[in-house]
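Engineer: Before we start, here is the structure in question, set down as structure tokens.
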Amino acid sequence: MKLFLDTAKIAEIREIAEWGILSGVTTNPTLMAQAGRGDYKAVAQEICYLVQGPVSAEAVSLDADGMIAEAKEFATWSPHVVVKIPTIEEGLKAISRIHKLEVDVDRLCQGCLWFGKCDTPIDLAHDLAISWGIRINATLVFSATQALLVAAAGASYVSPFVGRLDDAGNDGMQVIADIVEIFDNYGIETEIITASVRHVMHIVEAAKLGSDIATVPYGVMKKALTHPLTDVGVKSFLADWAKVAPSS
Ligand code: E4P
């Protein structure tokens, strides 16, 4: 299972990217507000530079034409940008149309502060944008039927929100299980992103069920690496080594 980071905070992304395990990042308007940033294009381009993988940026229009216009614009920021579209009627109409559109490669990566330093040089960026087109992450998914519909419309990713389902007294992981089973039955290639992750067991359960990706908040990612017995073990090994280490 691939691991994404669920944040728009550059310092958090920089730190976790250094672990070498990060495959992508998801953002949304709430996470942008928490990061104290409104310059969505600059933030998205910096995250793409750091991660070199799919970076979800969320459209805020509520009508299909507005979502399509935002998607066309976001897709020029970097070939790594994936456009998040809400799973509503207008969103479904937008997804059906967007995934057939081409990226305006003449405007690709314009204004990017990381131009020339990035691991995706512009020639490769063009090739990727042409090959991938505009990729969609269908967000705010709370049921298997919603996942089936957005996959049928052409979404590359679907994001079921397990934490919010649990909060509302539903079983978030059961929705992941249902979607995995349905997508497996029909060979649906839309990737499942377990989202709204609240704790480490959500990551374990998502991996056991066969979710393609879990998008994990920074604090939960840190906890996923930590175990008190590891810390105790490191401390006792160092203490024992100090008793026998040759003095220099
Ligand atoms: C990710 O794509 C979602 O926007 C995010 O996981 C939502 O998480 P929340 O329910 O904690 O806001």
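Chain lettering (A, B, ...) mirrors the order of the structure tokens, residue numbering begins at 1 for each chain separately, and ligand numbering begins at 1 in order of display.
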Residues within 8 Å of ligand 1 (only C-alpha atoms and all ligand atoms), as number ranges by chain?

Structural biologist: A: 6, 26-28, 30-31, 56, 139-140, 159, 161-164, 193-198, 215-217

Engineer: Output N, CA and C atoms for every residue in the selection just made, as a PDB file, in the first residue's frame.

Structural biologist:
```
ATOM      1  N   ASP A   6      -1.359  13.654   4.371  1.00  0.00           N
ATOM      2  CA  ASP A   6      -2.598  14.437   4.274  1.00  0.00           C
ATOM      3  C   ASP A   6      -2.363  15.784   4.959  1.00  0.00           C
ATOM      4  N   THR A  26      -2.102  14.672  -0.202  1.00  0.00           N
ATOM      5  CA  THR A  26      -3.454  15.191  -0.453  1.00  0.00           C
ATOM      6  C   THR A  26      -3.625  16.481   0.351  1.00  0.00           C
ATOM      7  N   THR A  27      -4.254  17.460  -0.299  1.00  0.00           N
ATOM      8  CA  THR A  27      -4.588  18.711   0.392  1.00  0.00           C
ATOM      9  C   THR A  27      -6.086  18.951   0.207  1.00  0.00           C
ATOM     10  N   ASN A  28      -6.598  19.863   0.977  1.00  0.00           N
ATOM     11  CA  ASN A  28      -7.972  20.342   0.766  1.00  0.00           C
ATOM     12  C   ASN A  28      -8.034  21.765   1.315  1.00  0.00           C
ATOM     13  N   THR A  30      -9.450  23.038   3.861  1.00  0.00           N
ATOM     14  CA  THR A  30      -9.255  23.098   5.319  1.00  0.00           C
ATOM     15  C   THR A  30      -7.773  22.970   5.664  1.00  0.00           C
ATOM     16  N   LEU A  31      -7.099  22.043   4.998  1.00  0.00           N
ATOM     17  CA  LEU A  31      -5.664  21.851   5.261  1.00  0.00           C
ATOM     18  C   LEU A  31      -4.869  23.073   4.813  1.00  0.00           C
ATOM     19  N   SER A  56      -2.808  16.074  -4.640  1.00  0.00           N
ATOM     20  CA  SER A  56      -4.204  16.451  -4.872  1.00  0.00           C
ATOM     21  C   SER A  56      -4.467  17.888  -4.444  1.00  0.00           C
ATOM     22  N   THR A 139     -13.499  13.086  -4.233  1.00  0.00           N
ATOM     23  CA  THR A 139     -13.392  13.225  -2.790  1.00  0.00           C
ATOM     24  C   THR A 139     -14.762  13.247  -2.123  1.00  0.00           C
ATOM     25  N   LEU A 140     -14.743  13.195  -0.785  1.00  0.00           N
ATOM     26  CA  LEU A 140     -15.972  13.184   0.008  1.00  0.00           C
ATOM     27  C   LEU A 140     -16.855  11.995  -0.368  1.00  0.00           C
ATOM     28  N   SER A 159     -11.615   8.708  -2.921  1.00  0.00           N
ATOM     29  CA  SER A 159     -11.213   8.919  -1.518  1.00  0.00           C
ATOM     30  C   SER A 159     -12.384   8.711  -0.560  1.00  0.00           C
ATOM     31  N   PHE A 161     -13.872   8.542   3.085  1.00  0.00           N
ATOM     32  CA  PHE A 161     -13.461   9.208   4.336  1.00  0.00           C
ATOM     33  C   PHE A 161     -13.810   8.326   5.530  1.00  0.00           C
ATOM     34  N   VAL A 162     -12.889   7.471   5.945  1.00  0.00           N
ATOM     35  CA  VAL A 162     -13.228   6.495   6.990  1.00  0.00           C
ATOM     36  C   VAL A 162     -13.445   7.135   8.365  1.00  0.00           C
ATOM     37  N   GLY A 163     -12.637   8.117   8.718  1.00  0.00           N
ATOM     38  CA  GLY A 163     -12.750   8.745  10.045  1.00  0.00           C
ATOM     39  C   GLY A 163     -14.083   9.441  10.226  1.00  0.00           C
ATOM     40  N   ARG A 164     -14.496  10.178   9.189  1.00  0.00           N
ATOM     41  CA  ARG A 164     -15.782  10.887   9.321  1.00  0.00           C
ATOM     42  C   ARG A 164     -16.946   9.901   9.395  1.00  0.00           C
ATOM     43  N   ILE A 193      -8.044   5.522  -2.219  1.00  0.00           N
ATOM     44  CA  ILE A 193      -7.257   6.236  -1.197  1.00  0.00           C
ATOM     45  C   ILE A 193      -8.066   6.224   0.103  1.00  0.00           C
ATOM     46  N   THR A 194      -7.627   5.455   1.086  1.00  0.00           N
ATOM     47  CA  THR A 194      -8.279   5.523   2.401  1.00  0.00           C
ATOM     48  C   THR A 194      -7.938   6.882   3.013  1.00  0.00           C
ATOM     49  N   ALA A 195      -8.985   7.720   3.188  1.00  0.00           N
ATOM     50  CA  ALA A 195      -8.782   9.109   3.633  1.00  0.00           C
ATOM     51  C   ALA A 195      -9.493   9.338   4.957  1.00  0.00           C
ATOM     52  N   SER A 196      -9.252  10.529   5.528  1.00  0.00           N
ATOM     53  CA  SER A 196      -9.811  10.862   6.839  1.00  0.00           C
ATOM     54  C   SER A 196      -9.318   9.843   7.874  1.00  0.00           C
ATOM     55  N   VAL A 197      -8.042   9.545   7.769  1.00  0.00           N
ATOM     56  CA  VAL A 197      -7.400   8.594   8.697  1.00  0.00           C
ATOM     57  C   VAL A 197      -7.210   9.283  10.042  1.00  0.00           C
ATOM     58  N   ARG A 198      -7.623   8.595  11.114  1.00  0.00           N
ATOM     59  CA  ARG A 198      -7.562   9.211  12.449  1.00  0.00           C
ATOM     60  C   ARG A 198      -6.502   8.585  13.360  1.00  0.00           C
ATOM     61  N   THR A 215      -3.950   7.949   2.923  1.00  0.00           N
ATOM     62  CA  THR A 215      -3.415   9.295   3.094  1.00  0.00           C
ATOM     63  C   THR A 215      -3.482   9.644   4.572  1.00  0.00           C
ATOM     64  N   VAL A 216      -2.329   9.927   5.141  1.00  0.00           N
ATOM     65  CA  VAL A 216      -2.151   9.897   6.593  1.00  0.00           C
ATOM     66  C   VAL A 216      -1.745  11.277   7.104  1.00  0.00           C
ATOM     67  N   PRO A 217      -2.425  11.792   8.145  1.00  0.00           N
ATOM     68  CA  PRO A 217      -1.980  13.060   8.731  1.00  0.00           C
ATOM     69  C   PRO A 217      -0.588  12.903   9.350  1.00  0.00           C
TER      70      PRO A 217
END
```

Engineer: Per DSSP on the backbone, what are the helix (DSSP H, G or I) residues of stretch 13-246 of chain A, as a VMD selection string?

Structural biologist: chain A and resid 13 to 17 29 to 35 40 to 51 64 to 77 89 to 98 105 to 107 122 to 132 144 to 153 162 to 167 172 to 186 200 to 209 218 to 225 228 to 244

Engineer: Residues of stretch 58-188 of chain A in strand (DSSP E or B) according to DSSP, as a PyMOL selection string?

Structural biologist: chain A and resi 58+81-86+136-141+157-161

Engineer: A:Leu113: which residues within 8 Å, counting only C-alpha atoms, same-chain residues fewer than 4 positions away excluded, as a list in words?

Structural biologist: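 Answer for this query is Ala42, Gln45 and Glu46 of chain A.
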
Engineer: Could you turn the residues from that selection into a file that holds N, CA and C atoms, as an mmCIF file, in the first residue's frame?

Structural biologist:
```cif
data_model
loop_
_atom_site.group_PDB
_atom_site.id
_atom_site.type_symbol
_atom_site.label_atom_id
_atom_site.label_comp_id
_atom_site.auth_asym_id
_atom_site.auth_seq_id
_atom_site.Cartn_x
_atom_site.Cartn_y
_atom_site.Cartn_z
ATOM 1 N N ALA A 42 1.331 28.137 -5.740
ATOM 2 C CA ALA A 42 2.714 28.086 -5.240
ATOM 3 C C ALA A 42 2.893 26.919 -4.275
ATOM 4 N N GLN A 45 2.854 23.622 -6.259
ATOM 5 C CA GLN A 45 4.086 23.419 -7.033
ATOM 6 C C GLN A 45 5.250 23.033 -6.113
ATOM 7 N N GLU A 46 5.315 23.639 -4.922
ATOM 8 C CA GLU A 46 6.398 23.281 -4.000
ATOM 9 C C GLU A 46 6.229 21.840 -3.520
#
```

Engineer: Suppose you want the space between atom CA of A:Pro160 and atom CA of A:Phe142; what is it in Å?

Structural biologist: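 Separation between atom CA of A:Pro160 and atom CA of A:Phe142: 5.5 Å.
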
Engineer: Please identify all polymer residues within 10 Å of A:Lys93, counting only C-alpha atoms, omitting same-chain residues fewer than 2 positions from it, and present them as a PyMOL selection string.

Structural biologist: chain A and resi 63-65+67-68+87-91+95-98+150+153

Engineer: Choose the residue, out of A:Tyr49, A:Glu205, A:Ala214, A:Ser247, that has the smallest atom-to-atom separation from A:Lys117; count only C-alpha atoms.

Structural biologist: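 Selected residue with least distance to A:Lys117: A:Tyr49.
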
Engineer: Show me, as a tab-separated table (two decimals) with all heavy atoms, in the first residue's frame, the residues that have an atom within 6 Å of A:Ser156 when counting only C-alpha atoms, minus same-chain residues fewer than 2 positions from it.

Structural biologist:
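The resulting file, result.tsv, is shown below:
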```tsv
chain	number	residue	atom	x	y	z
A	135	ARG	N	-5.86	14.11	-14.21
A	135	ARG	CA	-6.28	13.03	-13.31
A	135	ARG	C	-7.16	13.59	-12.19
A	135	ARG	O	-6.93	14.69	-11.69
A	135	ARG	CB	-5.05	12.32	-12.72
A	135	ARG	CG	-4.26	11.57	-13.78
A	135	ARG	CD	-2.98	10.99	-13.22
A	135	ARG	NE	-2.07	12.01	-12.76
A	135	ARG	CZ	-1.00	11.77	-11.99
A	135	ARG	NH1	-0.74	10.55	-11.60
A	135	ARG	NH2	-0.21	12.76	-11.63
A	136	ILE	N	-8.18	12.80	-11.85
A	136	ILE	CA	-9.16	13.23	-10.86
A	136	ILE	C	-9.10	12.34	-9.63
A	136	ILE	O	-9.05	11.12	-9.74
A	136	ILE	CB	-10.61	13.10	-11.40
A	136	ILE	CG1	-10.75	13.71	-12.79
A	136	ILE	CG2	-11.63	13.67	-10.42
A	136	ILE	CD1	-10.67	15.17	-12.84
A	190	THR	N	-9.45	2.36	-10.97
A	190	THR	CA	-9.45	3.53	-10.08
A	190	THR	C	-8.81	3.15	-8.75
A	190	THR	O	-9.17	2.13	-8.16
A	190	THR	CB	-10.90	4.00	-9.84
A	190	THR	OG1	-11.50	4.26	-11.11
A	190	THR	CG2	-10.96	5.24	-8.97
```

Engineer: So that I can check the surroundings of A:Ile16, please list as a list in words every protein, DNA and RNA residue that reaches within 12 Å of it, counting only C-alpha atoms and ignoring chain neighbours fewer than 3 positions away.

Structural biologist: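 In the requested form, the answer reads Leu3, Phe4, Leu5, Asp6, Thr7, Lys9, Ile10, Ala11, Glu12, Ile13, Trp19, Gly20, Ile21, Leu22, Ser23, Gly24, Val25, Ile47, Leu50, Val51, Val216, Pro217, Tyr218, Gly219, Val220, Met221, Lys222, Ala224 and Leu225 of chain A.
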
Engineer: Please produce a file of the residues just selected, as a PDB file, in the first residue's frame, where the atoms kept are N, CA and C atoms.

Structural biologist:
```
ATOM      1  N   LEU A   3       1.780   5.174   0.661  1.00  0.00           N
ATOM      2  CA  LEU A   3       1.470   6.119   1.734  1.00  0.00           C
ATOM      3  C   LEU A   3       1.546   7.544   1.210  1.00  0.00           C
ATOM      4  N   PHE A   4       0.454   8.279   1.392  1.00  0.00           N
ATOM      5  CA  PHE A   4       0.418   9.707   1.090  1.00  0.00           C
ATOM      6  C   PHE A   4       0.380  10.453   2.414  1.00  0.00           C
ATOM      7  N   LEU A   5       0.789  11.721   2.384  1.00  0.00           N
ATOM      8  CA  LEU A   5       0.659  12.572   3.566  1.00  0.00           C
ATOM      9  C   LEU A   5      -0.528  13.505   3.338  1.00  0.00           C
ATOM     10  N   ASP A   6      -1.359  13.654   4.371  1.00  0.00           N
ATOM     11  CA  ASP A   6      -2.598  14.437   4.274  1.00  0.00           C
ATOM     12  C   ASP A   6      -2.363  15.784   4.959  1.00  0.00           C
ATOM     13  N   THR A   7      -1.754  16.714   4.241  1.00  0.00           N
ATOM     14  CA  THR A   7      -1.400  18.002   4.836  1.00  0.00           C
ATOM     15  C   THR A   7      -1.043  18.988   3.725  1.00  0.00           C
ATOM     16  N   LYS A   9       1.079  21.513   4.919  1.00  0.00           N
ATOM     17  CA  LYS A   9       2.188  22.177   5.608  1.00  0.00           C
ATOM     18  C   LYS A   9       3.523  21.708   5.027  1.00  0.00           C
ATOM     19  N   ILE A  10       4.254  22.671   4.449  1.00  0.00           N
ATOM     20  CA  ILE A  10       5.503  22.335   3.754  1.00  0.00           C
ATOM     21  C   ILE A  10       6.514  21.685   4.699  1.00  0.00           C
ATOM     22  N   ALA A  11       6.617  22.192   5.941  1.00  0.00           N
ATOM     23  CA  ALA A  11       7.620  21.641   6.870  1.00  0.00           C
ATOM     24  C   ALA A  11       7.332  20.162   7.147  1.00  0.00           C
ATOM     25  N   GLU A  12       6.041  19.815   7.306  1.00  0.00           N
ATOM     26  CA  GLU A  12       5.690  18.413   7.555  1.00  0.00           C
ATOM     27  C   GLU A  12       6.035  17.544   6.340  1.00  0.00           C
ATOM     28  N   ILE A  13       5.733  18.061   5.150  1.00  0.00           N
ATOM     29  CA  ILE A  13       5.992  17.280   3.927  1.00  0.00           C
ATOM     30  C   ILE A  13       7.497  17.099   3.731  1.00  0.00           C
ATOM     31  N   TRP A  19      12.104  10.678   4.745  1.00  0.00           N
ATOM     32  CA  TRP A  19      12.086   9.255   5.136  1.00  0.00           C
ATOM     33  C   TRP A  19      12.193   8.347   3.902  1.00  0.00           C
ATOM     34  N   GLY A  20      11.814   8.902   2.737  1.00  0.00           N
ATOM     35  CA  GLY A  20      11.898   8.102   1.506  1.00  0.00           C
ATOM     36  C   GLY A  20      10.746   7.142   1.299  1.00  0.00           C
ATOM     37  N   ILE A  21       9.642   7.358   2.015  1.00  0.00           N
ATOM     38  CA  ILE A  21       8.519   6.410   1.910  1.00  0.00           C
ATOM     39  C   ILE A  21       7.270   7.079   1.333  1.00  0.00           C
ATOM     40  N   LEU A  22       7.394   8.355   0.995  1.00  0.00           N
ATOM     41  CA  LEU A  22       6.200   9.125   0.629  1.00  0.00           C
ATOM     42  C   LEU A  22       5.906   9.021  -0.868  1.00  0.00           C
ATOM     43  N   SER A  23       4.686   8.584  -1.208  1.00  0.00           N
ATOM     44  CA  SER A  23       4.322   8.436  -2.622  1.00  0.00           C
ATOM     45  C   SER A  23       3.475   9.582  -3.138  1.00  0.00           C
ATOM     46  N   GLY A  24       2.890  10.394  -2.233  1.00  0.00           N
ATOM     47  CA  GLY A  24       2.033  11.487  -2.702  1.00  0.00           C
ATOM     48  C   GLY A  24       1.528  12.305  -1.531  1.00  0.00           C
ATOM     49  N   VAL A  25       0.755  13.331  -1.843  1.00  0.00           N
ATOM     50  CA  VAL A  25       0.199  14.236  -0.823  1.00  0.00           C
ATOM     51  C   VAL A  25      -1.231  14.578  -1.217  1.00  0.00           C
ATOM     52  N   ILE A  47       4.974  21.444  -3.235  1.00  0.00           N
ATOM     53  CA  ILE A  47       4.741  20.060  -2.786  1.00  0.00           C
ATOM     54  C   ILE A  47       5.123  19.080  -3.907  1.00  0.00           C
ATOM     55  N   LEU A  50       8.782  18.628  -3.945  1.00  0.00           N
ATOM     56  CA  LEU A  50       9.286  17.830  -2.818  1.00  0.00           C
ATOM     57  C   LEU A  50       8.948  16.355  -2.944  1.00  0.00           C
ATOM     58  N   VAL A  51       7.791  16.063  -3.507  1.00  0.00           N
ATOM     59  CA  VAL A  51       7.258  14.690  -3.448  1.00  0.00           C
ATOM     60  C   VAL A  51       7.459  13.909  -4.750  1.00  0.00           C
ATOM     61  N   VAL A 216      -2.329   9.927   5.141  1.00  0.00           N
ATOM     62  CA  VAL A 216      -2.151   9.897   6.593  1.00  0.00           C
ATOM     63  C   VAL A 216      -1.745  11.277   7.104  1.00  0.00           C
ATOM     64  N   PRO A 217      -2.425  11.792   8.145  1.00  0.00           N
ATOM     65  CA  PRO A 217      -1.980  13.060   8.731  1.00  0.00           C
ATOM     66  C   PRO A 217      -0.588  12.903   9.350  1.00  0.00           C
ATOM     67  N   TYR A 218       0.126  14.020   9.444  1.00  0.00           N
ATOM     68  CA  TYR A 218       1.506  14.028   9.953  1.00  0.00           C
ATOM     69  C   TYR A 218       1.622  13.329  11.314  1.00  0.00           C
ATOM     70  N   GLY A 219       0.750  13.673  12.264  1.00  0.00           N
ATOM     71  CA  GLY A 219       0.851  13.111  13.618  1.00  0.00           C
ATOM     72  C   GLY A 219       0.670  11.609  13.614  1.00  0.00           C
ATOM     73  N   VAL A 220      -0.239  11.111  12.788  1.00  0.00           N
ATOM     74  CA  VAL A 220      -0.481   9.662  12.720  1.00  0.00           C
ATOM     75  C   VAL A 220       0.710   8.975  12.043  1.00  0.00           C
ATOM     76  N   MET A 221       1.290   9.643  11.031  1.00  0.00           N
ATOM     77  CA  MET A 221       2.470   9.061  10.355  1.00  0.00           C
ATOM     78  C   MET A 221       3.613   8.897  11.347  1.00  0.00           C
ATOM     79  N   LYS A 222       3.805   9.897  12.214  1.00  0.00           N
ATOM     80  CA  LYS A 222       4.874   9.805  13.212  1.00  0.00           C
ATOM     81  C   LYS A 222       4.601   8.639  14.176  1.00  0.00           C
ATOM     82  N   ALA A 224       2.950   6.011  13.517  1.00  0.00           N
ATOM     83  CA  ALA A 224       3.080   4.724  12.801  1.00  0.00           C
ATOM     84  C   ALA A 224       4.510   4.206  12.858  1.00  0.00           C
ATOM     85  N   LEU A 225       5.466   5.094  13.042  1.00  0.00           N
ATOM     86  CA  LEU A 225       6.873   4.682  13.089  1.00  0.00           C
ATOM     87  C   LEU A 225       7.333   4.368  14.509  1.00  0.00           C
TER      88      LEU A 225
END
```

Engineer: For a quick check of understanding, using only C-alpha atoms, which of A:Ile85, A:Val204, A:Ala75, A:Leu209 has the smallest distance to A:Ala125?

Structural biologist: A:Ala75

Engineer: Atom CA of A:Ala69 and atom CA of A:Val103, how far apart in Å?

Structural biologist: 11.7 Å
